[in-house]
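Participant: The following block contains the structure, expressed as structure tokens.
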Amino acid sequence: MSDNEITLTIDGKSVTVPKGTKVVDAAKQVNVDIPVFCYHEKIGPLGCCRMCLVEVEKMPKLMTACTMDVMPDMVVRTTTEKVEKAQKGVLEFTLLNHPLDCPVCDKGGECPLQDNTFKYGPPDTRMEFHRANNAKATPLSPVITIDRERCIACQRCTAYSERIEQDQGLVMLNRGFYNEVGTFNNEPYDTRFSGNVIDICPVGALTNTDFRFKARTWDLTNTATLCAHCGCNCNITMGTRLNELMRVEARPNDAVDDGWICDKARWGHQFVHSKNKILTARENSVGGGKPTSFPAFPHDCTIQDAAGKVAKAFKKIAEEHGPESVGFIGSPYATNEENYLYQKLFRQSLGSNNIDHKSYQDTPGLPVEHYGVEQIETANVVLLIASDPTEELPILDLRIKKAVTHCGTRLVSLNDQKIAMDKYSSQSVQYRVGTEALAIDALANGLARELGESAPAKDSDKTGISVEDMKALVETVRSSMKICVVYNPAALSGDAVLRVKRLLKLIAKVPTMECGAIPAAPMTNAVGAMDMGLLPDFYPGGVSMTNAEEIKKQWGENAPTTKGLSALEMIIRAEAGELKALLIHRSNPVIDFPGGSRVADALRKLDLLVVHDMLETETAELAHLVLPSNGPGYDEGTTTNIGGRVQARKRALETSHAPDWKIINLMLNALGDKTDYQRVLDVTDEIAKKVPGYQEVNRRSVGKTGCDRTPVVSADETVAEQSADSGKDGSLRLRVAAFLFSHDKILDASSKLAHHFLPSTAHLNEKDAKRLGIQNGDTVLLCAQDITLEATASVNSHCQPGGVVVPRASDWQGVNGLIAADGGPAWVEVRKV
Amino acid sequence: MSGFTFSENQEKEIAGILSKYPFKKSAMLPLLTLVQRAERVISPEAMVAISEKLDCSPAYVQSVMSFYTMYHTEKVGKYMILFCINISCQLNGCDKLLEHTAKKLNIKVGETTSDEKFTLHREECLADCTNAPMMRINDTYYGGLTEQRIDQILDSLD
Amino acid sequence: MTQILFKNINMKDLQTMKVYEEQGGYQSLKKAFAQKPEEIIEVVKASGLRGRGGAGFPTGLKWSFLAKDVFPRYLCCNADESEPGTCKDRELLLKNPHMLIEGMILCSYACRIETGYIYLRGEFHDLNFIMDKALEEARAKGYLGKNIMGTGFDLEIHTHLGAGAYICGEESALLNSLEGGRGEPRMKPPFPAVEGLYAKPTVINNVETLCVVPYIINEGAEKYASMGTEKSKGTKLVSVSGHVNKPGNYEVVLGTPMREIIYEIAGGIPNGNKLKAFIPGGSSTPMLPADQVDVLYDYESLAAAGSMLGSGALIVIDDSVNIVEPTLRLISFYMHESCGKCTPCREGTRWLYQIVERIMQNKGQLEHIEKMEDICDNMTMKAFCPLADACVSPVMSSIKHFRADYEEYFKNAPVGSV
Ligand SMILES: Cc1cc2nc3c(=O)[nH]c(=O)nc-3n(C[C@H](O)[C@H](O)[C@H](O)COP(=O)(O)O)c2cc1C
Ligand code: SF4
Ligand code: FES
């Protein structure tokens with residue numbers, strides 16, 4: 001037993017727990033159930049409700065087990081007469097003014113108050129007065145209802161707002177008996193994480209407005225699955241009834257979400273019932289410009305036939321025009337199994353490396369440790385690069401706040417825009433929009449100089465960062481004992497992501513320093529997509545094309561080993577008529593890729609465009625052939641989160657449609673591959689065999705909470721010299737920023753979140769605004785690439801002069817159209833209307 | 001929300017208050033008191049203004065404000081009468097005197113006269129028990145109350 | 001009569017630096033600064049001084065508990081004085097503010113504190129001016145500020161006004177309030193001596209406690225300890241109110257018979273009435289019946305009699321009163337002042353109020369007494385802070401000693417009124 005462990009006795013059972021453990025948690029270890037209302041492991045002790053009173057030897061009075069740290073040789077008793085009397089007393093007090101409306105309460109069936117009363121409560125109440133008449137159900141926000149009458153003032157929700165969200169939007173108002181949960185001036189409580197209070201309220205005082213009266217809790221079928229939105233892959237429970245999604249709740253997993261989910265997870269899954277779901281395979285009569293020479297799908301075409309026809313059509317083109325004429329754009333939202341099979345199809349059966357899943361540059365693997373998100377709490381320094389966790393990976397936002405306020409972690413950032421997390425950082429360094437490569441190099445060079453490695457004597461001043469600021473940042477990084485670098489590859493233009501990797505290598509050289517990174521792309525399975533080899537230049541597990549020997553060994557003699565086209569290159573080649581056939585899985589390049597109408601035009605030129613997706617999109621509209629994808633809620637498989645944790649996404653809703661992996665399997669079969677996967681787990685097993693890093697991943701290891709894949713190798717990249725380009729006179733460099741509640745096709749079905757939608761907005765620096773005669777609130781036009789986009793000007797210091805930051809507010813805003821199709825630097829002209 | 005600004009003098013005073021504490025939030029009660037004394041009420045706009053000064057949420061300001069009895073969300077009269085009704089004053093007959101006062105002002109306890117001159121509140125012990133029965137009007141303590149003395153005091157205030 | 005705190009209390013202009021110094025004010029500083037800080041703590045320990053805020057905790061001991069080597073440290077003077085019946089601190093602050101400042105300087109020197117706050121209850125706005133003025137004078141004299149009297153010791157003291165909340169007299173609630181929060185008590189541990197104001201080691205003492213310190217330094221621990229009883233040393237201010245001929249704050253040596261305080265010092269019961277009950281230490285202490293009037297006024301004797309010395313507020317009740325009336329008033333007080341954080345206090349105080357109110361409407365029954373006793377038992381030592389216990393005090397003691405007064409109301413009770 002180490003110094004940090006303490007042994008005590010609870011109800012006669014001996015238990016050893018770490019120092020600092022609360023008695024109530026220690027009791028759980030030996031299956032002693034101490035009833036609680038206000039205590040919540042993640043929020044910490046409050047001591048409000050007094051339900052957890054226990055007897056402790058040598059203490060004159062009963063003690064609250066939730067506030068009390070374990071002490072050596074402590075003797076705790078939880079079932080003595082004194083304790084039982086106290087429990088009855090507390091419950092009686094608690095119930096004094098609580099309505100007895102369990103039969104109609106949403107919490108009925110899963111209510112700690114109901115349970116505790118049943119187990120520990122008095123037989124009946126001796127209350128003879130009218131109960132307090134607190135307000136009945138009123139909206140606390142568009143999605144949360146508060147029944148103040150049922151509130152037992154445990155303060156869990158307000159403590160959550162204070163300690164976890166840390167913005168104190170939900171507070172206790174008034175005093176004493178008149179205490180009530182409320183917001184400022186009765187304004188809605190509509191934060192990014194507001195829904196968690198529903199999960200933690202121990203009574204039916206805070207309920208999900210959407211779920212109220214829809215179903216009784218005991219009628220629900222609950223499925224432990226994953227949120228399908230961002231790269232955190234938070235664990236959720238989907239409650240369904242009669243194959244309809246009724247509600248989403250958090251399913252705590254310390255290694256991933258720390259017990260919380262964001263409101264997008266809770267209310268943003270209604271797309272499973274979207275009326276825009278693609279349900280059958282079809283030929284688009286209004287398809288591309290050219291008539292196809294391929295057999296149309298008959299109306300009653302089975303999925304086998306459809307898959308077979310698609311596969312054969314691709315094969316035919318590959319044979320006629322060479323394998324480079326076909327391509328695949330996969331999805332960072334699809335499961336590992338789907339991605340794995342698709343790359344297999346294209347590489348093995350079609351011989352093409354034209355495989356990608358993204359519109360930015362990135363390579364698999366890291367030159368340092370791949371940290372899991374929980375490492376944030378043990379790091380001394382967290383360095384954010386081009387990352388805005390609040391909008392991109394909300395649960396990371398909570399993690400970082402926790403680390404900064406409770407674990408002594410320091411946050412520093414290197415960003416081109418102001419972010420909500422700046423409030424928590426000890427240093428926020430801002431570079432000019434578009435100069436990330438120079439800024440990252442400056443940091444790396446600073447370190448290199450400290451380490452005595454070769455580096456240019458002077459850094460570019462184009463970044464707008466002062467020498468002192470950069471020095472301070474270098475010093476913070478250099479002197480941190482353990483650093484976790486969180487960077488968003490999707491927000492890094494050009495080859496800046498490779499520069500981050502060079503920076504990481506340098507940090508790793510600092511003596512006695514632990515260093516790790518989290519590649520924090522916002523998409524659900526961006527890490528998994530790379531691991532599965534949805535890349536033109538890497539096979540699964542980060543095996544580089546240059547490693548031909550290894551590739552042949554693993555994938556056979558015919559495996560293609562020339563570098564394929566990236567997604568953006570495929571679009572350009574399609575435009576040039578060189579790419580003939582393209583299969584797009586769960587991706588919408590027309591809207592999400594740079595280029596705007598050029599993308600659509602390019603796709604129209606294809607001989608064959610097949611879109612395999614779950615919702616109708618602008619891209620699907622252009623397809624010759626459309627295949628249905630089940631998508632989250634209906635699908636099964638694994639995904640890999642930003643921290644490299646592989647977890648199982650389970651099916652919560654039944655469907656008679658073939659799963660995506662099956663469809664791909666059928667395509668493989670049609671092209672001669674004999675493998676017949678019975679279940680998705682068979683694919684998972686094959687991944688374990690074939691993909692470096694995934695050897696240990698299987699049904700059992702993934703279990704309930706997932707397992708970390710071993711890091712995949714990182715290529716040794718070299719970076720080219722970078723010079724900052726400049727735009728036309730007076731134009732501004734565009735930065736498209738992420739916005740959590742972007743009104744896209746997915747959220748369109750979740751009308752519950754409509755109050756979060758943002759109008760098209762452009763953040764301009766005061767200096768530029770002055771020069772352009774624009775004032776806060778003016779309607780402005782952003783022009784580039786023959787596209788004009790309207791936005792409301794927000795004049796501030798969100799970014800440095802010379803840049804304009806446009807949050808991606810909706811699919812219909814079309815902001816990516818302002819960028820050239822090759823994804824190069826975007827300069828926009830901004831003018832007032 | 002806008003609509004509340006501190007005067008130049010108040011800004012100076014606030015700077016002085018803030019300098020007393022290593023953490024801004026400590027100035028919460030002093031700022032609320034400043035507003036209450038100047039405005040005789042604390043409006044939502046004022047709460048926002050305070051929250052901005054102290055780097056906290058307006059909800060937090062309201063939460064704190066609503067805990068204390070000396071802050072009011074409805075404007076109180078020019079003279080705030082706190083009439084002690086706790087035990088020492090009770091033993092010395094304060095209940096009758098309070099009734100008398102209310103009658104004289106022609107309001108109920110808890111109300112403000114229509115000319116906004118007086119507000120009459122029942123108050124817990126004000127720490128002047130040896131002079132019971134007593135009341136406090138704005139900053140002044142009045143002990144040894146009788147009906148006559150109350151009349152005299154009230155009449156002397158303009 | 002030995003007068004330490006009230007020696008010159010009614011002297012004209014005592015609140016000014018000039019008069020205070022003429023009376024020997026601030027003389028203790030030189031003496032103290034000649035000693036090591038730890039030595040001062042030992043002197044205070046030896047004097048036997050106990051906290052005058054209510055709990056009676058040995059002051060020197062409290063000072064010695066400060067977390068070692070953690071700085072900065074803070075001193076909070078508890079001038080919240082809200083316990084019904086108590087008004088001694090008000091008189092000290094009003095008439096002799098410099099004595100408190102001197103005491104705070106001594107405490108700060110002893111405990112290596114550089115910042116002190118005087119937490120005044122919100123209603124003491126008038127005292128705030130007086131205190132600020134006195135602090136200004138002390139600063140001008142160099143008793144506060146940097147390098148005080150060339151010792152290298154720095155100290156600043158500020159006033160801080162509350163805003164109407166009895167609970168802010170409880171030391172941890174006071175800290176929350178001073179930090180700009182709701183006056184809800186904090187979990188203990190950590191105790192303020194370890195993590196107090198701004199999570200730093202903090203001493204919290206009552207006004208009266210701090211005011212005694214200059215005397216102890218000037219005159220020595222033995223002299224102070226020679227007064228009073230074995231365990232209750234020195235003098236105590238007692239606020240005598242209620243049914244007495246001469247209500248007022250008096251300084252008495254601990255161990256003085258209660259009879260002497262009520263009948264001699266405070267002039268006895270007016271209007272030819274008889275003593276019925278007395279609450280010896282503020283409303284939170286159990287009331288005692290007239291037949292206990294010979295109890296000695298000190299910590300141990302009052303505890304033995306089933307009550308407490310508390311804050312030193314003696315409330316005298318004559319036989320014209322039915323005890324249930326003041327009892328209801330006190331329950332109402334605690335109900336009003338409960339912060340609402342914990343269940344037994346928030347709900348229990350209100351329930352008790354409802355029952356006693358009903359009894360007073362002649363709608364009570366004998367079972368109500370039993371029920372009240374049980375509710376009180378469910379509140380006692382089960383709440384977050386002692387406020388719930390304080391509410392139980394008058395209820396249980398009134399039932400214990402004056403059950404007949406309750407029965408008065410039952411006599412007229414209509415049957416089946418529950
Ligand atoms: C509900 C409650 C109210 C209190 N009110 C006061 C008060 O008004 N003034 C005071 O000095 N102490 C009060 N106390 C006691 C303080 O918590 C604390 O014990 C005291 O300030 C310590 O100072 P001392 O050691 O000098 O007595 C109160 C305690 C409780 C539980
Ligand atoms: S609303 Fe629920 S969580 Fe919040 S204080 Fe009331 S009972 Fe507790
Ligand atoms: S669970 Fe311990 S006091 Fe609420």
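Ordered as shown in the structure tokens, chains take letters A, B, and onward, while each chain numbers its residues from 1 and ligands are numbered from 1 in the order shown.
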Could you pull out the residues sitting within 8 Å of ligand 1, using only C-alpha atoms and all ligand atoms, and write them as JSON, numbers by chain?

Facilitator: {"C": [50, 51, 52, 53, 54, 55, 56, 57, 58, 59, 62, 77, 78, 79, 80, 81, 82, 83, 166, 167, 168, 169, 170, 171, 172, 204, 205, 206, 207, 208, 209, 210, 311, 385, 386, 387, 390]}

Participant: Using the selection just defined, write its residues with N, CA and C atoms as a short mmCIF file (atom, residue, chain, number, x, y, z; two decimals), in the first residue's frame.

Facilitator:
```cif
data_model
loop_
_atom_site.label_atom_id
_atom_site.label_comp_id
_atom_site.auth_asym_id
_atom_site.auth_seq_id
_atom_site.Cartn_x
_atom_site.Cartn_y
_atom_site.Cartn_z
N ARG C 50 -10.82 33.76 25.34
CA ARG C 50 -11.62 32.92 24.46
C ARG C 50 -12.47 33.80 23.57
N GLY C 51 -12.78 33.30 22.37
CA GLY C 51 -13.51 34.10 21.39
C GLY C 51 -14.83 34.59 21.93
N ARG C 52 -15.12 35.85 21.66
CA ARG C 52 -16.34 36.44 22.20
C ARG C 52 -17.47 36.47 21.17
N GLY C 53 -17.25 35.81 20.03
CA GLY C 53 -18.27 35.83 18.98
C GLY C 53 -19.38 34.83 19.20
N GLY C 54 -19.14 33.87 20.06
CA GLY C 54 -20.20 32.91 20.31
C GLY C 54 -19.70 31.54 20.70
N ALA C 55 -18.66 31.08 20.03
CA ALA C 55 -18.23 29.70 20.27
C ALA C 55 -17.26 29.58 21.43
N GLY C 56 -16.61 30.69 21.79
CA GLY C 56 -15.70 30.67 22.93
C GLY C 56 -14.44 29.87 22.71
N PHE C 57 -13.98 29.83 21.48
CA PHE C 57 -12.77 29.08 21.17
C PHE C 57 -11.53 29.87 21.62
N PRO C 58 -10.57 29.20 22.25
CA PRO C 58 -9.37 29.93 22.73
C PRO C 58 -8.67 30.67 21.59
N THR C 59 -8.50 31.95 21.78
CA THR C 59 -8.03 32.82 20.70
C THR C 59 -6.58 32.54 20.31
N LYS C 62 -6.31 29.47 18.28
CA LYS C 62 -6.81 29.69 16.91
C LYS C 62 -5.72 30.31 16.05
N CYS C 77 -12.15 40.70 10.81
CA CYS C 77 -12.82 41.00 12.06
C CYS C 77 -14.31 40.84 11.84
N ASN C 78 -14.90 40.01 12.66
CA ASN C 78 -16.33 39.73 12.52
C ASN C 78 -17.14 40.79 13.26
N ALA C 79 -17.60 41.77 12.50
CA ALA C 79 -18.43 42.82 13.08
C ALA C 79 -19.82 42.73 12.47
N ASP C 80 -20.27 41.49 12.32
CA ASP C 80 -21.58 41.28 11.71
C ASP C 80 -22.68 41.40 12.75
N GLU C 81 -22.31 41.24 13.98
CA GLU C 81 -23.23 41.34 15.12
C GLU C 81 -24.72 41.29 14.76
N SER C 82 -25.19 40.08 14.57
CA SER C 82 -26.60 39.94 14.18
C SER C 82 -27.40 39.05 15.12
N GLU C 83 -26.72 38.47 16.08
CA GLU C 83 -27.42 37.57 16.99
C GLU C 83 -28.43 38.37 17.81
N TYR C 166 -28.09 37.51 8.48
CA TYR C 166 -27.57 37.05 9.77
C TYR C 166 -26.50 36.00 9.59
N ILE C 167 -26.71 35.12 8.61
CA ILE C 167 -25.80 34.00 8.43
C ILE C 167 -24.39 34.46 8.13
N CYS C 168 -24.23 35.66 7.63
CA CYS C 168 -22.88 36.14 7.32
C CYS C 168 -22.04 36.36 8.58
N GLY C 169 -22.66 36.22 9.75
CA GLY C 169 -21.87 36.24 10.97
C GLY C 169 -21.15 34.92 11.17
N GLU C 170 -21.67 33.87 10.60
CA GLU C 170 -20.99 32.57 10.64
C GLU C 170 -19.73 32.74 9.81
N GLU C 171 -18.61 32.31 10.38
CA GLU C 171 -17.33 32.73 9.80
C GLU C 171 -17.13 32.35 8.34
N SER C 172 -17.56 31.17 7.94
CA SER C 172 -17.28 30.78 6.55
C SER C 172 -18.25 31.45 5.58
N ILE C 204 -10.28 34.65 11.89
CA ILE C 204 -11.53 35.37 12.03
C ILE C 204 -11.81 35.53 13.51
N ASN C 205 -11.94 36.77 13.93
CA ASN C 205 -12.24 37.03 15.33
C ASN C 205 -13.33 38.08 15.46
N ASN C 206 -14.01 37.94 16.54
CA ASN C 206 -15.06 38.89 16.88
C ASN C 206 -14.43 40.23 17.30
N VAL C 207 -15.20 41.29 17.17
CA VAL C 207 -14.73 42.64 17.55
C VAL C 207 -14.23 42.65 19.00
N GLU C 208 -15.06 42.14 19.86
CA GLU C 208 -14.72 42.19 21.29
C GLU C 208 -13.43 41.42 21.57
N THR C 209 -13.31 40.26 20.96
CA THR C 209 -12.10 39.45 21.15
C THR C 209 -10.87 40.28 20.83
N LEU C 210 -10.88 40.91 19.65
CA LEU C 210 -9.71 41.67 19.21
C LEU C 210 -9.46 42.88 20.10
N SER C 311 -22.89 34.80 22.65
CA SER C 311 -22.32 36.09 22.30
C SER C 311 -22.43 37.07 23.46
N CYS C 385 -24.75 23.93 8.95
CA CYS C 385 -24.08 24.82 9.90
C CYS C 385 -24.93 24.94 11.15
N PRO C 386 -24.44 25.63 12.18
CA PRO C 386 -25.17 25.65 13.45
C PRO C 386 -26.46 26.47 13.46
N LEU C 387 -26.85 27.07 12.34
CA LEU C 387 -28.05 27.90 12.39
C LEU C 387 -29.29 27.07 12.73
N ALA C 390 -29.36 26.51 16.28
CA ALA C 390 -29.73 27.74 16.96
C ALA C 390 -31.24 27.87 17.01
#
```

Participant: Find the residues of chain B that sit at most 12 Å from chain A; for each, write down the nearest two atoms and how far apart they are in Å, to one decimal. Count only C-alpha atoms. Sort by chain, then by number going up, and give it as a Markdown table.

Facilitator:
```
| residue | atom | partner | partner_atom | distance |
| --- | --- | --- | --- | --- |
| B:Met1 | CA | A:Asn185 | CA | 11.2 |
| B:Ser43 | CA | A:Asn185 | CA | 9.8 |
| B:Pro44 | CA | A:Asn185 | CA | 6.8 |
| B:Glu45 | CA | A:Asn185 | CA | 9.8 |
| B:Ala46 | CA | A:Asn185 | CA | 11.8 |
| B:Met47 | CA | A:Phe184 | CA | 9.1 |
| B:Val48 | CA | A:Phe184 | CA | 9.3 |
| B:Ser51 | CA | A:Phe184 | CA | 11.0 |
| B:Asp55 | CA | A:Asp167 | CA | 10.5 |
| B:Cys56 | CA | A:Asp167 | CA | 7.9 |
| B:Ser57 | CA | A:Gln168 | CA | 6.1 |
| B:Pro58 | CA | A:Phe184 | CA | 6.0 |
| B:Ala59 | CA | A:Phe184 | CA | 4.1 |
| B:Tyr60 | CA | A:Gln168 | CA | 6.1 |
| B:Val61 | CA | A:Phe184 | CA | 8.4 |
| B:Gln62 | CA | A:Phe184 | CA | 6.4 |
| B:Ser63 | CA | A:Leu173 | CA | 4.7 |
| B:Val64 | CA | A:Leu173 | CA | 7.6 |
| B:Met65 | CA | A:Asn174 | CA | 8.1 |
| B:Ser66 | CA | A:Asn174 | CA | 4.6 |
| B:Phe67 | CA | A:Asn174 | CA | 4.8 |
| B:Tyr68 | CA | A:Arg175 | CA | 7.8 |
| B:Thr69 | CA | A:Arg175 | CA | 9.2 |
| B:Tyr71 | CA | A:Asn174 | CA | 11.2 |
| B:His72 | CA | A:Asn174 | CA | 11.6 |
| B:Thr73 | CA | A:Asn185 | CA | 11.1 |
```

Participant: As a count of residues only, please: the residues near stretch 133-137 of chain B (cut-off 10 Å, only C-alpha atoms, same-chain neighbours under 2 positions excluded).

Facilitator: 47

Participant: Distance limit 8 Å, reference ligand 2, atoms considered: only C-alpha atoms and all ligand atoms. Which residues make the cut? Give them as a list of chain:residue names.

Facilitator: A:Phe37, A:Cys38, A:Ile146, A:Asp147, A:Arg148, A:Arg150, A:Cys151, A:Ile152, A:Ala153, A:Cys154, A:Gln155, A:Arg156, A:Cys157, A:Thr158, A:Met172, A:Glu180, A:Val181, A:Val197, A:Ile198, A:Ile200, A:Cys201, A:Pro202, A:Val203, A:Gly204, A:Ala205, A:Leu206

Participant: Per residue of chain C within 8 Å of chain A, note the shortest atom pair and the distance in Å to one decimal, counting only C-alpha atoms, and order the rows by chain and increasing residue number, as JSON lines.

Facilitator:
```
{"residue": "C:Met187", "atom": "CA", "partner": "A:Gly47", "partner_atom": "CA", "distance": 7.4}
{"residue": "C:Met335", "atom": "CA", "partner": "A:Gly176", "partner_atom": "CA", "distance": 7.3}
{"residue": "C:His336", "atom": "CA", "partner": "A:Gly176", "partner_atom": "CA", "distance": 6.9}
{"residue": "C:Glu337", "atom": "CA", "partner": "A:Gly176", "partner_atom": "CA", "distance": 6.8}
{"residue": "C:Ser338", "atom": "CA", "partner": "A:Gly176", "partner_atom": "CA", "distance": 4.9}
{"residue": "C:Cys339", "atom": "CA", "partner": "A:Gly176", "partner_atom": "CA", "distance": 4.4}
{"residue": "C:Gly340", "atom": "CA", "partner": "A:Gly176", "partner_atom": "CA", "distance": 3.4}
{"residue": "C:Lys341", "atom": "CA", "partner": "A:Cys48", "partner_atom": "CA", "distance": 5.5}
{"residue": "C:Cys342", "atom": "CA", "partner": "A:Cys48", "partner_atom": "CA", "distance": 4.2}
{"residue": "C:Thr343", "atom": "CA", "partner": "A:Cys49", "partner_atom": "CA", "distance": 5.3}
{"residue": "C:Pro344", "atom": "CA", "partner": "A:Phe93", "partner_atom": "CA", "distance": 6.2}
{"residue": "C:Arg346", "atom": "CA", "partner": "A:Phe177", "partner_atom": "CA", "distance": 5.5}
{"residue": "C:Glu347", "atom": "CA", "partner": "A:Phe93", "partner_atom": "CA", "distance": 5.7}
{"residue": "C:Gly348", "atom": "CA", "partner": "A:Phe93", "partner_atom": "CA", "distance": 6.7}
{"residue": "C:Arg350", "atom": "CA", "partner": "A:Phe177", "partner_atom": "CA", "distance": 7.6}
{"residue": "C:Gln354", "atom": "CA", "partner": "A:Phe129", "partner_atom": "CA", "distance": 7.7}
{"residue": "C:Ile375", "atom": "CA", "partner": "A:Gly89", "partner_atom": "CA", "distance": 7.6}
{"residue": "C:Asn378", "atom": "CA", "partner": "A:Gly89", "partner_atom": "CA", "distance": 5.4}
{"residue": "C:Met381", "atom": "CA", "partner": "A:Lys61", "partner_atom": "CA", "distance": 6.3}
{"residue": "C:Lys382", "atom": "CA", "partner": "A:Leu62", "partner_atom": "CA", "distance": 6.8}
{"residue": "C:Ala383", "atom": "CA", "partner": "A:Arg50", "partner_atom": "CA", "distance": 6.9}
{"residue": "C:Phe384", "atom": "CA", "partner": "A:Gly47", "partner_atom": "CA", "distance": 6.8}
{"residue": "C:Val418", "atom": "CA", "partner": "A:Glu128", "partner_atom": "CA", "distance": 7.1}
```

Participant: From chain B, collect each residue whose DSSP state is strand (DSSP E or B) and return the set as a ChimeraX atom specification.

Facilitator: /B:79-84,112,118-123,135-137,140-142

Participant: Leaving out A:Glu686 and any residue of its chain fewer than 3 positions from it, which residues lie within 10 Å of it when counting only C-alpha atoms, given as a ChimeraX atom specification?

Facilitator: /A:337,340-341,677,681-683,689-691,694-695,698

Participant: Mind writing the picked residues with N, CA and C atoms as a PDB file, in the first residue's frame?

Facilitator:
```pdb
ATOM      1  N   GLU A 337     -14.985   0.585 -40.231  1.00  0.00           N
ATOM      2  CA  GLU A 337     -15.258  -0.586 -41.051  1.00  0.00           C
ATOM      3  C   GLU A 337     -15.625  -0.165 -42.474  1.00  0.00           C
ATOM      4  N   TYR A 340     -12.531   1.305 -44.114  1.00  0.00           N
ATOM      5  CA  TYR A 340     -11.561   0.253 -44.416  1.00  0.00           C
ATOM      6  C   TYR A 340     -11.976  -0.497 -45.687  1.00  0.00           C
ATOM      7  N   LEU A 341     -13.241  -0.889 -45.743  1.00  0.00           N
ATOM      8  CA  LEU A 341     -13.706  -1.669 -46.885  1.00  0.00           C
ATOM      9  C   LEU A 341     -13.652  -0.861 -48.180  1.00  0.00           C
ATOM     10  N   TYR A 677     -18.463 -11.098 -45.265  1.00  0.00           N
ATOM     11  CA  TYR A 677     -18.536 -10.683 -43.853  1.00  0.00           C
ATOM     12  C   TYR A 677     -19.956 -10.909 -43.350  1.00  0.00           C
ATOM     13  N   LEU A 681     -18.540  -7.026 -37.135  1.00  0.00           N
ATOM     14  CA  LEU A 681     -17.386  -7.383 -36.312  1.00  0.00           C
ATOM     15  C   LEU A 681     -16.360  -8.196 -37.089  1.00  0.00           C
ATOM     16  N   ASP A 682     -16.820  -8.878 -38.123  1.00  0.00           N
ATOM     17  CA  ASP A 682     -15.862  -9.588 -38.964  1.00  0.00           C
ATOM     18  C   ASP A 682     -14.932  -8.597 -39.644  1.00  0.00           C
ATOM     19  N   VAL A 683     -15.489  -7.449 -40.002  1.00  0.00           N
ATOM     20  CA  VAL A 683     -14.644  -6.413 -40.602  1.00  0.00           C
ATOM     21  C   VAL A 683     -13.691  -5.872 -39.539  1.00  0.00           C
ATOM     22  N   LYS A 689      -6.272  -7.364 -37.963  1.00  0.00           N
ATOM     23  CA  LYS A 689      -5.190  -8.131 -38.599  1.00  0.00           C
ATOM     24  C   LYS A 689      -4.388  -7.278 -39.564  1.00  0.00           C
ATOM     25  N   LYS A 690      -5.071  -6.392 -40.270  1.00  0.00           N
ATOM     26  CA  LYS A 690      -4.418  -5.711 -41.381  1.00  0.00           C
ATOM     27  C   LYS A 690      -3.924  -4.290 -41.087  1.00  0.00           C
ATOM     28  N   VAL A 691      -4.458  -3.683 -40.075  1.00  0.00           N
ATOM     29  CA  VAL A 691      -4.105  -2.267 -39.872  1.00  0.00           C
ATOM     30  C   VAL A 691      -3.181  -2.102 -38.676  1.00  0.00           C
ATOM     31  N   TYR A 694      -4.096  -1.327 -34.795  1.00  0.00           N
ATOM     32  CA  TYR A 694      -5.417  -1.821 -34.413  1.00  0.00           C
ATOM     33  C   TYR A 694      -5.397  -3.302 -33.999  1.00  0.00           C
ATOM     34  N   GLN A 695      -4.182  -3.823 -33.783  1.00  0.00           N
ATOM     35  CA  GLN A 695      -4.066  -5.250 -33.458  1.00  0.00           C
ATOM     36  C   GLN A 695      -4.945  -5.640 -32.277  1.00  0.00           C
ATOM     37  N   ASN A 698     -10.811  -5.232 -30.705  1.00  0.00           N
ATOM     38  CA  ASN A 698     -11.816  -6.237 -31.030  1.00  0.00           C
ATOM     39  C   ASN A 698     -13.029  -6.014 -30.150  1.00  0.00           C
TER      40      ASN A 698
END
```

Participant: Tell me, as a list in words, which residues lie within 12 Å of A:Ile317, counting only C-alpha atoms; anything in the same chain fewer than 3 positions away does not count.

Facilitator: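 Near neighbours after the sequence-gap exclusion: Thr292, Ser293, Phe294, Val310, Ala311, Lys312, Ala313, Phe314, Glu320, His321, Gly322, Pro323, Glu324, Ser325, Val326, Gly327, Leu350, Gly351, Ser352, Glu578, Leu579, Lys580, Ala581, Leu582, Leu606, Asp607, Leu608 and Leu609 of chain A.
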